[in-house]
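Raw input.pdb, PDB, C-alpha atoms:
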```
MODEL        1
ATOM      1  CA  MET B  27     -60.012 -11.803  30.195
ATOM      2  CA  ARG B  28     -57.259 -13.395  32.242
ATOM      3  CA  GLU B  29     -55.984  -9.999  33.320
ATOM      4  CA  ARG B  30     -59.477  -9.058  34.501
ATOM      5  CA  GLU B  31     -59.682 -12.229  36.617
ATOM      6  CA  GLU B  32     -56.296 -11.467  38.129
ATOM      7  CA  VAL B  33     -57.417  -7.947  39.002
ATOM      8  CA  GLN B  34     -60.558  -9.323  40.668
ATOM      9  CA  LYS B  35     -58.503 -11.814  42.659
ATOM     10  CA  MET B  36     -56.092  -9.107  43.791
ATOM     11  CA  SER B  37     -59.005  -6.834  44.761
ATOM     12  CA  ARG B  38     -60.621  -9.640  46.734
ATOM     13  CA  ARG B  39     -57.375 -10.404  48.542
ATOM     14  CA  CYS B  40     -56.850  -6.755  49.400
ATOM     15  CA  SER B  41     -60.369  -6.392  50.773
ATOM     16  CA  LEU B  42     -59.940  -9.612  52.751
ATOM     17  CA  ALA B  43     -56.664  -8.376  54.205
ATOM     18  CA  LEU B  44     -58.234  -5.012  55.042
ATOM     19  CA  VAL B  45     -61.135  -6.668  56.857
ATOM     20  CA  LEU B  46     -58.728  -8.936  58.728
ATOM     21  CA  LEU B  47     -56.563  -5.985  59.742
ATOM     22  CA  LEU B  48     -59.576  -3.981  60.878
ATOM     23  CA  SER B  49     -60.943  -6.934  62.816
ATOM     24  CA  THR B  50     -57.596  -7.539  64.506
ATOM     25  CA  SER B  51     -57.343  -3.894  65.591
ATOM     26  CA  LEU B  52     -60.884  -3.948  66.954
ATOM     27  CA  MET B  53     -60.217  -7.161  68.850
ATOM     28  CA  GLY B  54     -57.147  -5.563  70.406
ATOM     29  CA  ALA B  55     -59.037  -2.417  71.406
ATOM     30  CA  ASP B  56     -61.875  -4.392  72.993
ATOM     31  CA  GLU B  57     -59.873  -7.345  74.285
ATOM     32  CA  ALA B  58     -61.146  -6.953  77.864
ATOM     33  CA  LEU B  59     -64.751  -6.888  76.677
ATOM     34  CA  TRP B  60     -64.275 -10.003  74.534
ATOM     35  CA  GLN B  61     -62.678 -11.828  77.442
ATOM     36  CA  GLU B  62     -65.528 -10.834  79.731
ATOM     37  CA  TYR B  63     -68.063 -12.161  77.237
ATOM     38  CA  GLY B  64     -66.171 -15.459  77.114
ATOM     39  CA  LEU B  65     -64.600 -15.473  73.643
ATOM     40  CA  LEU B  66     -62.968 -18.844  72.955
ATOM     41  CA  HIS B  67     -61.698 -18.224  69.429
ATOM     42  CA  SER B  68     -62.455 -16.116  66.361
ATOM     43  CA  GLY B  69     -61.737 -16.480  62.674
ATOM     44  CA  MET B  70     -62.545 -15.313  59.193
ATOM     45  CA  THR B  71     -63.697 -17.196  56.135
ATOM     46  CA  HIS B  72     -64.773 -16.367  52.590
ATOM     47  CA  ARG B  73     -67.934 -17.670  50.913
ATOM     48  CA  GLY B  74     -68.104 -16.363  47.369
ATOM     49  CA  ARG B  75     -68.509 -12.604  47.620
ATOM     50  CA  LEU B  76     -69.203 -12.790  51.355
ATOM     51  CA  THR B  77     -66.616 -12.193  54.058
ATOM     52  CA  VAL B  78     -67.590 -13.905  57.303
ATOM     53  CA  MET B  79     -66.191 -13.134  60.752
ATOM     54  CA  THR B  80     -66.886 -15.915  63.250
ATOM     55  CA  TYR B  81     -66.798 -15.818  67.047
ATOM     56  CA  GLN B  82     -67.341 -18.768  69.353
ATOM     57  CA  MET B  83     -68.194 -17.914  72.936
ATOM     58  CA  ARG B  84     -68.121 -19.960  76.129
ATOM     59  CA  ASP B  85     -71.921 -20.127  76.418
ATOM     60  CA  GLN B  86     -75.122 -18.775  74.914
ATOM     61  CA  THR B  87     -75.202 -15.824  77.314
ATOM     62  CA  GLY B  88     -71.856 -14.586  76.005
ATOM     63  CA  ALA B  89     -72.999 -15.124  72.409
ATOM     64  CA  LEU B  90     -76.135 -13.076  73.033
ATOM     65  CA  ALA B  91     -74.056 -10.308  74.619
ATOM     66  CA  ALA B  92     -71.681 -10.265  71.622
ATOM     67  CA  TRP B  93     -74.583 -10.274  69.156
ATOM     68  CA  GLU B  94     -76.234  -7.289  70.879
ATOM     69  CA  TRP B  95     -72.909  -5.468  70.819
ATOM     70  CA  LEU B  96     -71.992  -6.194  67.178
ATOM     71  CA  ARG B  97     -75.355  -5.277  65.627
ATOM     72  CA  SER B  98     -75.756  -1.726  64.330
ATOM     73  CA  ALA B  99     -78.286   0.831  65.494
ATOM     74  CA  LYS B 100     -80.004   0.886  62.073
ATOM     75  CA  ALA B 101     -80.316  -2.877  61.725
ATOM     76  CA  ARG B 102     -83.654  -4.591  61.267
ATOM     77  CA  PRO B 103     -84.642  -8.093  62.381
ATOM     78  CA  CYS B 104     -84.223 -11.026  59.999
ATOM     79  CA  ASN B 105     -85.116 -14.715  60.165
ATOM     80  CA  LEU B 106     -81.846 -16.388  59.193
ATOM     81  CA  ALA B 107     -81.023 -17.608  62.726
ATOM     82  CA  SER B 108     -82.288 -17.588  66.297
ATOM     83  CA  PHE B 109     -80.934 -14.038  66.699
ATOM     84  CA  CYS B 110     -80.482 -12.063  63.490
ATOM     85  CA  THR B 111     -80.189  -8.405  62.460
ATOM     86  CA  GLN B 112     -79.417  -6.993  59.041
ATOM     87  CA  ASP B 113     -78.558  -3.633  57.519
ATOM     88  CA  ALA B 114     -77.007  -2.389  54.292
ATOM     89  CA  GLU B 115     -73.470  -3.250  55.386
ATOM     90  CA  GLN B 116     -73.654  -6.421  57.446
ATOM     91  CA  THR B 117     -75.760  -9.285  58.769
ATOM     92  CA  VAL B 118     -75.157 -10.398  62.353
ATOM     93  CA  VAL B 119     -76.491 -13.785  63.441
ATOM     94  CA  SER B 120     -76.200 -15.827  66.618
ATOM     95  CA  ASP B 121     -77.196 -19.374  67.479
ATOM     96  CA  ASP B 122     -76.255 -21.412  70.545
ATOM     97  CA  ASN B 123     -72.801 -20.146  71.621
ATOM     98  CA  ASP B 124     -71.776 -18.929  68.142
ATOM     99  CA  VAL B 125     -71.843 -15.525  66.422
ATOM    100  CA  ALA B 126     -71.196 -14.729  62.756
ATOM    101  CA  VAL B 127     -70.962 -11.399  60.928
ATOM    102  CA  PHE B 128     -71.507 -11.424  57.145
ATOM    103  CA  LYS B 129     -70.160  -8.541  55.056
ATOM    104  CA  GLY B 130     -70.087  -7.894  51.316
ATOM    105  CA  GLY B 131     -73.664  -8.899  50.541
ATOM    106  CA  VAL B 132     -76.821 -10.490  51.850
ATOM    107  CA  PRO B 133     -76.354 -14.129  52.916
ATOM    108  CA  THR B 134     -78.890 -16.835  52.204
ATOM    109  CA  ASN B 135     -80.256 -19.396  54.619
ATOM    110  CA  PHE B 136     -77.838 -21.907  53.139
ATOM    111  CA  ASP B 137     -74.851 -19.590  53.767
ATOM    112  CA  VAL B 138     -75.852 -18.969  57.380
ATOM    113  CA  ASP B 139     -76.544 -22.649  58.115
ATOM    114  CA  ALA B 140     -73.257 -23.718  56.550
ATOM    115  CA  VAL B 141     -71.247 -21.249  58.630
ATOM    116  CA  LEU B 142     -73.044 -22.038  61.900
ATOM    117  CA  GLN B 143     -72.733 -25.794  61.374
ATOM    118  CA  SER B 144     -68.994 -25.420  60.773
ATOM    119  CA  PHE B 145     -68.402 -24.277  64.367
ATOM    120  CA  PRO B 146     -66.787 -26.968  66.527
ATOM    121  CA  ASN B 147     -68.008 -27.789  70.044
ATOM    122  CA  ARG B 148     -71.405 -26.143  69.705
ATOM    123  CA  ARG B 149     -73.364 -26.106  72.923
ATOM    124  CA  GLU B 150     -76.900 -25.043  73.736
ATOM    125  CA  THR B 151     -77.474 -23.481  77.148
ATOM    126  CA  SER B 152     -80.328 -21.574  78.731
ATOM    127  CA  LEU B 153     -80.725 -17.849  78.155
ATOM    128  CA  PRO B 154     -80.412 -15.493  81.139
ATOM    129  CA  ALA B 155     -83.605 -14.812  83.072
ATOM    130  CA  ILE B 156     -82.975 -11.058  83.058
ATOM    131  CA  LEU B 157     -84.134 -10.838  79.422
ATOM    132  CA  THR B 158     -87.740 -11.345  80.519
ATOM    133  CA  PHE B 159     -87.653  -8.321  82.845
ATOM    134  CA  LEU B 160     -86.341  -5.655  80.450
ATOM    135  CA  PRO B 161     -89.350  -3.492  79.389
ATOM    136  CA  ARG B 162     -90.154  -3.500  75.670
ATOM    137  CA  GLN B 163     -92.444  -0.470  75.464
ATOM    138  CA  ASN B 164     -90.743   2.658  74.030
ATOM    139  CA  ARG B 165     -87.344   0.912  73.869
ATOM    140  CA  VAL B 166     -85.009   2.352  71.243
ATOM    141  CA  PRO B 167     -84.406  -0.420  68.648
ATOM    142  CA  ASN B 168     -81.083  -2.271  68.989
ATOM    143  CA  SER B 169     -80.093  -0.249  72.066
ATOM    144  CA  ALA B 170     -80.026  -3.145  74.553
ATOM    145  CA  ARG B 171     -76.591  -4.218  75.745
ATOM    146  CA  TYR B 172     -75.695  -7.047  78.093
ATOM    147  CA  VAL B 173     -73.433  -6.254  81.045
ATOM    148  CA  LEU B 174     -71.484  -9.087  82.647
ATOM    149  CA  GLY B 175     -68.683  -7.258  84.403
ATOM    150  CA  PRO B 176     -66.580  -4.094  84.760
ATOM    151  CA  ALA B 177     -65.470  -4.014  81.102
ATOM    152  CA  SER B 178     -69.003  -4.073  79.673
ATOM    153  CA  LEU B 179     -70.201  -1.642  82.365
ATOM    154  CA  GLN B 180     -67.424   0.753  81.353
ATOM    155  CA  ALA B 181     -68.379   0.361  77.684
ATOM    156  CA  PHE B 182     -72.174   0.729  77.964
ATOM    157  CA  ALA B 183     -72.966   2.433  81.300
ATOM    158  CA  PRO B 184     -69.852   4.183  82.633
ATOM    159  CA  GLU B 185     -71.978   6.531  84.772
ATOM    160  CA  LEU B 186     -72.808   3.569  87.053
ATOM    161  CA  ARG B 187     -69.230   2.473  87.792
ATOM    162  CA  ALA B 188     -69.156   4.194  91.191
ATOM    163  CA  ALA B 189     -71.964   1.932  92.454
ATOM    164  CA  LYS B 190     -69.753  -1.195  92.308
ATOM    165  CA  PRO B 191     -72.691  -3.426  91.327
ATOM    166  CA  GLY B 192     -71.113  -6.662  92.565
ATOM    167  CA  PHE B 193     -70.364  -8.634  89.408
ATOM    168  CA  ASP B 194     -67.996 -10.821  91.425
ATOM    169  CA  GLN B 195     -71.064 -11.939  93.417
ATOM    170  CA  GLY B 196     -73.011 -13.120  90.375
ATOM    171  CA  ALA B 197     -74.762  -9.897  89.318
ATOM    172  CA  GLU B 198     -75.635  -9.247  85.669
ATOM    173  CA  ALA B 199     -77.437  -6.433  83.906
ATOM    174  CA  GLN B 200     -79.126  -5.196  80.760
ATOM    175  CA  VAL B 201     -78.778  -1.583  79.640
ATOM    176  CA  ALA B 202     -81.064   0.071  77.081
ATOM    177  CA  SER B 203     -82.389   3.441  75.956
ATOM    178  CA  TYR B 204     -86.046   4.513  76.042
ATOM    179  CA  ARG B 205     -88.013   7.426  74.624
ATOM    180  CA  ILE B 206     -90.529   8.746  77.122
ATOM    181  CA  GLY B 207     -93.060  11.293  75.860
ATOM    182  CA  ASP B 208     -91.771  14.054  73.578
ATOM    183  CA  THR B 209     -88.277  14.328  75.044
ATOM    184  CA  ALA B 210     -85.448  14.709  72.577
ATOM    185  CA  ASN B 211     -82.912  12.690  74.519
ATOM    186  CA  PRO B 212     -83.634   9.047  75.314
ATOM    187  CA  VAL B 213     -83.657   7.886  78.920
ATOM    188  CA  ARG B 214     -80.884   5.486  79.905
ATOM    189  CA  PHE B 215     -82.253   2.556  81.829
ATOM    190  CA  ALA B 216     -80.485  -0.417  83.423
ATOM    191  CA  ILE B 217     -81.808  -3.444  85.228
ATOM    192  CA  PHE B 218     -79.543  -5.490  87.494
ATOM    193  CA  TYR B 219     -80.286  -9.092  88.436
ATOM    194  CA  TYR B 220     -78.912 -10.553  91.691
ATOM    195  CA  PRO B 221     -78.918 -14.125  93.002
ATOM    196  CA  THR B 222     -80.828 -13.177  96.168
ATOM    197  CA  PRO B 223     -83.071 -10.293  97.301
ATOM    198  CA  GLU B 224     -80.670  -9.568 100.173
ATOM    199  CA  MET B 225     -77.816  -8.893  97.737
ATOM    200  CA  ALA B 226     -80.036  -6.564  95.730
ATOM    201  CA  ARG B 227     -81.013  -4.681  98.891
ATOM    202  CA  LEU B 228     -77.369  -4.226  99.914
ATOM    203  CA  HIS B 229     -76.393  -2.764  96.527
ATOM    204  CA  LEU B 230     -79.369  -0.403  96.282
ATOM    205  CA  SER B 231     -77.695   2.301  98.364
ATOM    206  CA  GLY B 232     -74.672   2.303  96.062
ATOM    207  CA  PHE B 233     -76.789   3.333  93.080
ATOM    208  CA  GLN B 234     -78.840   5.834  95.061
ATOM    209  CA  SER B 235     -75.649   7.606  96.148
ATOM    210  CA  ILE B 236     -74.736   8.549  92.541
ATOM    211  CA  PRO B 237     -75.947  12.074  91.653
ATOM    212  CA  GLY B 238     -78.711  12.108  89.044
ATOM    213  CA  VAL B 239     -79.389   8.379  89.334
ATOM    214  CA  HIS B 240     -82.733   6.961  90.455
ATOM    215  CA  ALA B 241     -82.933   3.365  91.652
ATOM    216  CA  ARG B 242     -85.575   1.035  93.035
ATOM    217  CA  ARG B 243     -85.502  -2.582  94.163
ATOM    218  CA  SER B 244     -88.104  -5.236  93.368
ATOM    219  CA  GLY B 245     -87.172  -8.651  94.704
ATOM    220  CA  VAL B 246     -83.865  -9.675  93.148
ATOM    221  CA  LEU B 247     -84.030  -6.826  90.601
ATOM    222  CA  LEU B 248     -82.584  -3.326  90.763
ATOM    223  CA  ALA B 249     -84.012  -0.840  88.264
ATOM    224  CA  VAL B 250     -81.761   2.162  87.597
ATOM    225  CA  VAL B 251     -82.478   5.330  85.578
ATOM    226  CA  SER B 252     -79.453   7.507  84.902
ATOM    227  CA  SER B 253     -80.470  10.230  82.444
ATOM    228  CA  ALA B 254     -84.044  11.245  83.202
ATOM    229  CA  GLU B 255     -84.958  14.890  82.641
ATOM    230  CA  ASN B 256     -87.251  14.967  85.656
ATOM    231  CA  GLU B 257     -88.568  12.896  88.526
ATOM    232  CA  ALA B 258     -91.723  11.897  86.646
ATOM    233  CA  GLN B 259     -89.716  10.297  83.846
ATOM    234  CA  ALA B 260     -87.633   8.315  86.304
ATOM    235  CA  GLU B 261     -90.683   7.108  88.228
ATOM    236  CA  ALA B 262     -92.434   6.104  85.011
ATOM    237  CA  MET B 263     -89.501   3.862  84.063
ATOM    238  CA  LEU B 264     -88.937   2.438  87.528
ATOM    239  CA  ALA B 265     -92.598   1.483  87.863
ATOM    240  CA  ARG B 266     -92.340  -0.819  84.855
ATOM    241  CA  VAL B 267     -90.172  -3.345  86.671
ATOM    242  CA  GLN B 268     -92.031  -5.766  88.896
ATOM    243  CA  TYR B 269     -90.523  -9.012  90.114
ATOM    244  CA  GLU B 270     -92.938 -11.776  91.050
ATOM    245  CA  ALA B 271     -91.427 -14.836  92.671
ATOM    246  CA  LYS B 272     -93.202 -18.072  91.806
ATOM    247  CA  ILE B 273     -92.829 -20.875  94.328
ATOM    248  CA  THR B 274     -93.952 -24.424  93.617
ATOM    249  CA  TRP B 275     -94.650 -26.357  96.813
ATOM    250  CA  ASN B 276     -94.212 -30.070  96.190
ATOM    251  CA  GLU B 277     -95.689 -31.571  99.366
ATOM    252  CA  THR B 278     -95.577 -35.362  99.600
ATOM    253  CA  PRO B 279     -99.105 -36.701 100.312
ATOM    254  CA  PRO B 280     -99.546 -39.113 103.253
ATOM    255  CA  PRO B 281     -99.360 -42.771 102.234
ATOM    256  CA  SER B 282    -102.624 -44.661 101.764
ATOM    257  CA  PRO B 283    -103.415 -47.062 104.672
ATOM    258  CA  ILE B 284    -104.818 -49.619 102.217
ATOM    259  CA  LYS B 285    -101.555 -50.178 100.407
ATOM    260  CA  PRO B 286     -99.542 -51.341 103.496
ATOM    261  CA  LEU B 287    -102.406 -53.667 104.501
ATOM    262  CA  TYR B 288    -102.580 -55.120 101.006
ATOM    263  CA  GLN B 289     -98.804 -55.631 101.010
ATOM    264  CA  LEU B 290     -99.042 -57.357 104.423
ATOM    265  CA  LEU B 291    -101.658 -59.815 103.129
ATOM    266  CA  LEU B 292     -99.539 -60.571 100.093
ATOM    267  CA  ASN B 293     -96.513 -61.225 102.305
ATOM    268  CA  ILE B 294     -98.557 -63.590 104.479
ATOM    269  CA  LEU B 295     -99.715 -65.531 101.419
ATOM    270  CA  TYR B 296     -96.164 -65.700 100.038
ATOM    271  CA  LEU B 297     -94.828 -66.939 103.398
ATOM    272  CA  SER B 298     -97.605 -69.532 103.752
ATOM    273  CA  ALA B 299     -96.967 -70.847 100.270
ATOM    274  CA  LEU B 300     -93.236 -71.023 100.958
ATOM    275  CA  LEU B 301     -93.688 -72.905 104.231
ATOM    276  CA  SER B 302     -96.170 -75.288 102.620
ATOM    277  CA  GLY B 303     -93.726 -75.977  99.830
ATOM    278  CA  ILE B 304     -90.905 -76.631 102.273
ATOM    279  CA  CYS B 305     -93.071 -79.035 104.353
ATOM    280  CA  LEU B 306     -94.216 -80.894 101.249
ATOM    281  CA  LEU B 307     -90.675 -81.219  99.961
ATOM    282  CA  ALA B 308     -89.429 -82.455 103.356
ATOM    283  CA  GLY B 309     -92.250 -85.057 103.536
ATOM    284  CA  LEU B 310     -91.504 -86.322 100.028
ATOM    285  CA  MET B 311     -87.799 -86.617 100.819
ATOM    286  CA  TYR B 312     -88.474 -88.517 104.070
ATOM    287  CA  GLY B 313     -90.986 -90.872 102.459
ATOM    288  CA  GLY B 314     -88.654 -91.525  99.545
ATOM    289  CA  MET B 315     -85.774 -92.382 101.875
ATOM    290  CA  ARG B 316     -87.893 -94.911 103.812
ATOM    291  CA  ILE B 317     -89.144 -96.595 100.634
ATOM    292  CA  TYR B 318     -85.582 -96.836  99.352
ATOM    293  CA  ARG B 319     -84.271 -98.376 102.595
ATOM    294  CA  ARG B 320     -87.161-100.857 102.816
ATOM    295  CA  ARG B 321     -86.696-102.005  99.240
ATOM    296  CA  TYR B 322     -82.976-102.524  99.500
ATOM    297  CA  GLY B 323     -83.024-104.055 103.004
ATOM    298  CA  THR B 324     -81.351-101.324 104.970
ATOM    299  CA  LEU B 325     -84.383-100.604 107.163
ATOM    300  CA  GLU B 326     -83.760-101.763 110.760
ATOM    301  CA  ALA B 327     -86.385-103.705 112.725
ATOM    302  CA  GLU B 328     -86.875-101.004 115.301
ATOM    303  CA  GLU B 329     -87.457 -98.531 112.494
ATOM    304  CA  ALA B 330     -90.152-100.645 110.890
ATOM    305  CA  MET B 331     -93.560 -99.102 110.664
ATOM    306  CA  ILE B 332     -96.265-100.794 112.660
ATOM    307  CA  THR B 333     -99.273-101.430 110.413
ATOM    308  CA  LEU B 334    -102.705-102.275 111.818
ATOM    309  CA  HIS B 335    -104.559-104.700 109.577
ATOM    310  CA  LEU B 336    -108.133-103.885 110.366
ATOM    311  CA  GLY B 337    -110.740-106.023 108.688
ATOM    312  CA  GLY B 338    -114.321-105.308 108.008
ATOM    313  CA  ASP B 339    -115.713-108.547 109.776
TER     314      ASP B 339
ENDMDL
END
```
Written form, structure tokens:
Amino acid sequence: MREREEVQKMSRRCSLALVLLLSTSLMGADEALWQEYGLLHSGMTHRGRLTVMTYQMRDQTGALAAWEWLRSAKARPCNLASFCTQDAEQTVVSDDNDVAVFKGGVPTNFDVDAVLQSFPNRRETSLPAILTFLPRQNRVPNSARYVLGPASLQAFAPELRAAKPGFDQGAEAQVASYRIGDTANPVRFAIFYYPTPEMARLHLSGFQSIPGVHARRSGVLLAVVSSAENEAQAEAMLARVQYEAKITWNETPPPSPIKPLYQLLLNILYLSALLSGICLLAGLMYGGMRIYRRRYGTLEAEEAMITLHLGGD
């Protein structure tokens, strides 16, 4: 019995070391991509039969990008975290700026919560706006990839490198595959988001100059199709992207003429009451001083008050 336990421990240690070695080699091969996504630190832990790889990113955008990258093509959605996919080999979850990959079994809600809560310096930030513009219809499941710079563009859309999209100017993109009609090969589609419409307009010509690439601008968005079989396919994809700017005009209404008049009347009443109080206080002080001086004999003759004794007869 003891020998069997020792064998199980040795097997577990070997598998743990193998996973660690494989993870280290993958991190080295994709170091530029991890840095671009904002990896702060990574680690590995063991929960029972489960081996858990953890990654903490700089913000939620980087965590979403890493989660999209780490999930497999055959994964299905799960409800263990804000972002969760699961297949026969692994479960990939993401919440806030954290990502965790579970191997060796199916984790429970308790396992996922315990691992996510163990991350230090968790921070919740807003998700990128570009997610709302990527078309959902006919998208190949789990094909979306987030592009934040040259490394991720090289990894997920190398055919667009010649366009120099302008990541140093704040551009970001989502790349995905779509099945249009009965075509065997999926259409590669990318949508680039720029801070201003002018920047998007300036970069449009760079994409249009690449052979076989179709591009169209809509506001701050650039829609790019890179593997369409014909012009109709490309136009069908490009037409799905429409940017509608929503402007809220907060105009300050003119002030009401009644309120200043009401405030003026209040100020007059306050001032009148103040002046009346000052006059009353001064009169009381003066009268008190004269009574005091008369009683104690300090009132001079020339200061005496002349009193008229008027009788009724």
Point-to-point distance from atom CA of Val213 of chain B to atom CA of Val201 of chain B, Å rounded to tenths:
10.7 Å
Would you give the centre and edge lengths, in Å to one decimal, of a box along x, y and z around the listed atoms of segment 104-121 of chain B, with 6 Å added to each side, as JSON?
```
{"center_x": -79.3, "center_y": -10.9, "center_z": 60.9, "size_x": 23.6, "size_y": 29.0, "size_z": 25.2}
```
B:Asn123, B:Ser178, B:Ser108, B:Ser98: which is nearest Thr151 of chain B, counting all atoms listed in the file?
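Nearest to Thr151 of chain B: B:Asn123.
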Using the chain letters and numbers from this file, what does the PyMOL selection byres ((chain B and resi 71-76) around 7) select? Give the answer as a list in words.
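So the PyMOL selection byres ((chain B and resi 71-76) around 7) ends up selecting Gly69, Met70, Thr77, Val78, Met79, Phe128, Lys129, Gly130 and Gly131 of chain B.
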Show which residues sit within 9 Å of Val125 of chain B, as a ChimeraX atom specification. Count all atoms listed in the file, and ignore same-chain residues fewer than 2 positions away.
/B:79-83,89-90,92-93,118-123,127,142
Please determine, counting only C-alpha atoms, which residue among B:Leu228, B:Phe193, B:Thr134, B:Phe218 has the shortest atom-to-atom distance to Ala177 of chain B.
B:Phe193
One-decimal distance in Å that lies between atom CA of Leu264 of chain B and atom CA of Asn168 of chain B
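Between these atoms lies a distance of 20.7 Å.
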Please write the residues picked by the PyMOL selection byres ((chain B and resi 212) around 9) on this file as a VMD selection string.
chain B and resid 166 203 to 206 209 to 211 213 to 214 253 to 254
Around the point (-80.1, -14.2, 77.4) (coordinates from the file), which residues reach within 9 Å if we count all atoms listed in the file? Answer as a ChimeraX atom specification.
/B:86-91,152-158,172
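Between atom CA of Ala216 of chain B and atom CA of Gln200 of chain B the interatomic distance comes to 5.6 Å.
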Using all atoms listed in the file, which residues sit within 12 Å of Tyr219 of chain B once same-chain residues fewer than 4 positions away are excluded, as number ranges by chain?
B: 154-160, 172-174, 191-193, 195-201, 223-227, 229-230, 243-250, 267, 269
What's the 10 Å shell around Pro176 of chain B, counting all atoms listed in the file, without same-chain residues fewer than 4 positions away, as a list in words?
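So the residues in contact are Ala58, Leu59, Glu62, Gln180, Ala181, Ala183, Pro184, Arg187, Lys190, Pro191, Gly192, Phe193 and Asp194 of chain B.
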Kindly indicate which residue among B:Leu306, B:Tyr288, B:Asp124, B:Gly207 lies nearest to Asn256 of chain B, using only C-alpha atoms for the distances.
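Of B:Leu306, B:Tyr288, B:Asp124, B:Gly207, the one nearest Asn256 of chain B, counting only C-alpha atoms, is B:Gly207.
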Taking all atoms listed in the file into account, name the residue in B:Arg266, B:Arg148, B:Arg84, B:Arg320 that is nearest to Phe215 of chain B.
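When distances to Phe215 of chain B are compared using all atoms listed in the file, the smallest one comes from B:Arg266.
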With distances taken over only C-alpha atoms, which of B:Ile236, B:Met311, B:Ile317, B:Ala202 is nearest to Trp95 of chain B?
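Closest to Trp95 of chain B, using only C-alpha atoms: B:Ala202.
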N, CA and C atoms modelled onto segment 83-99 of chain B, as a short mmCIF file (atom, residue, chain, number, x, y, z; two decimals), in the frame of the given file:
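File written: selection-v1.cif
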```cif
data_model
loop_
_atom_site.label_atom_id
_atom_site.label_comp_id
_atom_site.auth_asym_id
_atom_site.auth_seq_id
_atom_site.Cartn_x
_atom_site.Cartn_y
_atom_site.Cartn_z
N MET B 83 -68.23 -18.34 71.55
CA MET B 83 -68.19 -17.91 72.94
C MET B 83 -68.29 -19.13 73.87
N ARG B 84 -68.09 -18.87 75.15
CA ARG B 84 -68.12 -19.96 76.13
C ARG B 84 -69.53 -20.53 76.29
N ASP B 85 -70.55 -19.67 76.25
CA ASP B 85 -71.92 -20.13 76.42
C ASP B 85 -72.85 -19.23 75.62
N GLN B 86 -74.14 -19.53 75.69
CA GLN B 86 -75.12 -18.77 74.91
C GLN B 86 -75.32 -17.37 75.46
N THR B 87 -75.10 -17.17 76.75
CA THR B 87 -75.20 -15.82 77.31
C THR B 87 -74.15 -14.90 76.71
N GLY B 88 -72.90 -15.39 76.62
CA GLY B 88 -71.86 -14.59 76.00
C GLY B 88 -72.11 -14.32 74.54
N ALA B 89 -72.67 -15.32 73.83
CA ALA B 89 -73.00 -15.12 72.41
C ALA B 89 -74.09 -14.07 72.23
N LEU B 90 -75.10 -14.10 73.10
CA LEU B 90 -76.14 -13.08 73.03
C LEU B 90 -75.56 -11.69 73.31
N ALA B 91 -74.68 -11.60 74.31
CA ALA B 91 -74.06 -10.31 74.62
C ALA B 91 -73.25 -9.79 73.44
N ALA B 92 -72.47 -10.67 72.79
CA ALA B 92 -71.68 -10.26 71.62
C ALA B 92 -72.58 -9.86 70.46
N TRP B 93 -73.67 -10.60 70.25
CA TRP B 93 -74.58 -10.27 69.16
C TRP B 93 -75.23 -8.90 69.37
N GLU B 94 -75.66 -8.61 70.60
CA GLU B 94 -76.23 -7.29 70.88
C GLU B 94 -75.20 -6.18 70.65
N TRP B 95 -73.96 -6.48 70.96
CA TRP B 95 -72.91 -5.47 70.82
C TRP B 95 -72.53 -5.24 69.36
N LEU B 96 -72.47 -6.30 68.56
CA LEU B 96 -71.99 -6.19 67.18
C LEU B 96 -73.05 -5.64 66.22
N ARG B 97 -74.32 -5.77 66.54
CA ARG B 97 -75.36 -5.28 65.63
C ARG B 97 -75.34 -3.75 65.59
N SER B 98 -75.77 -3.18 64.48
CA SER B 98 -75.76 -1.73 64.33
C SER B 98 -77.09 -1.14 64.77
N ALA B 99 -77.08 0.16 65.01
CA ALA B 99 -78.29 0.83 65.49
C ALA B 99 -79.39 0.86 64.44
#
```
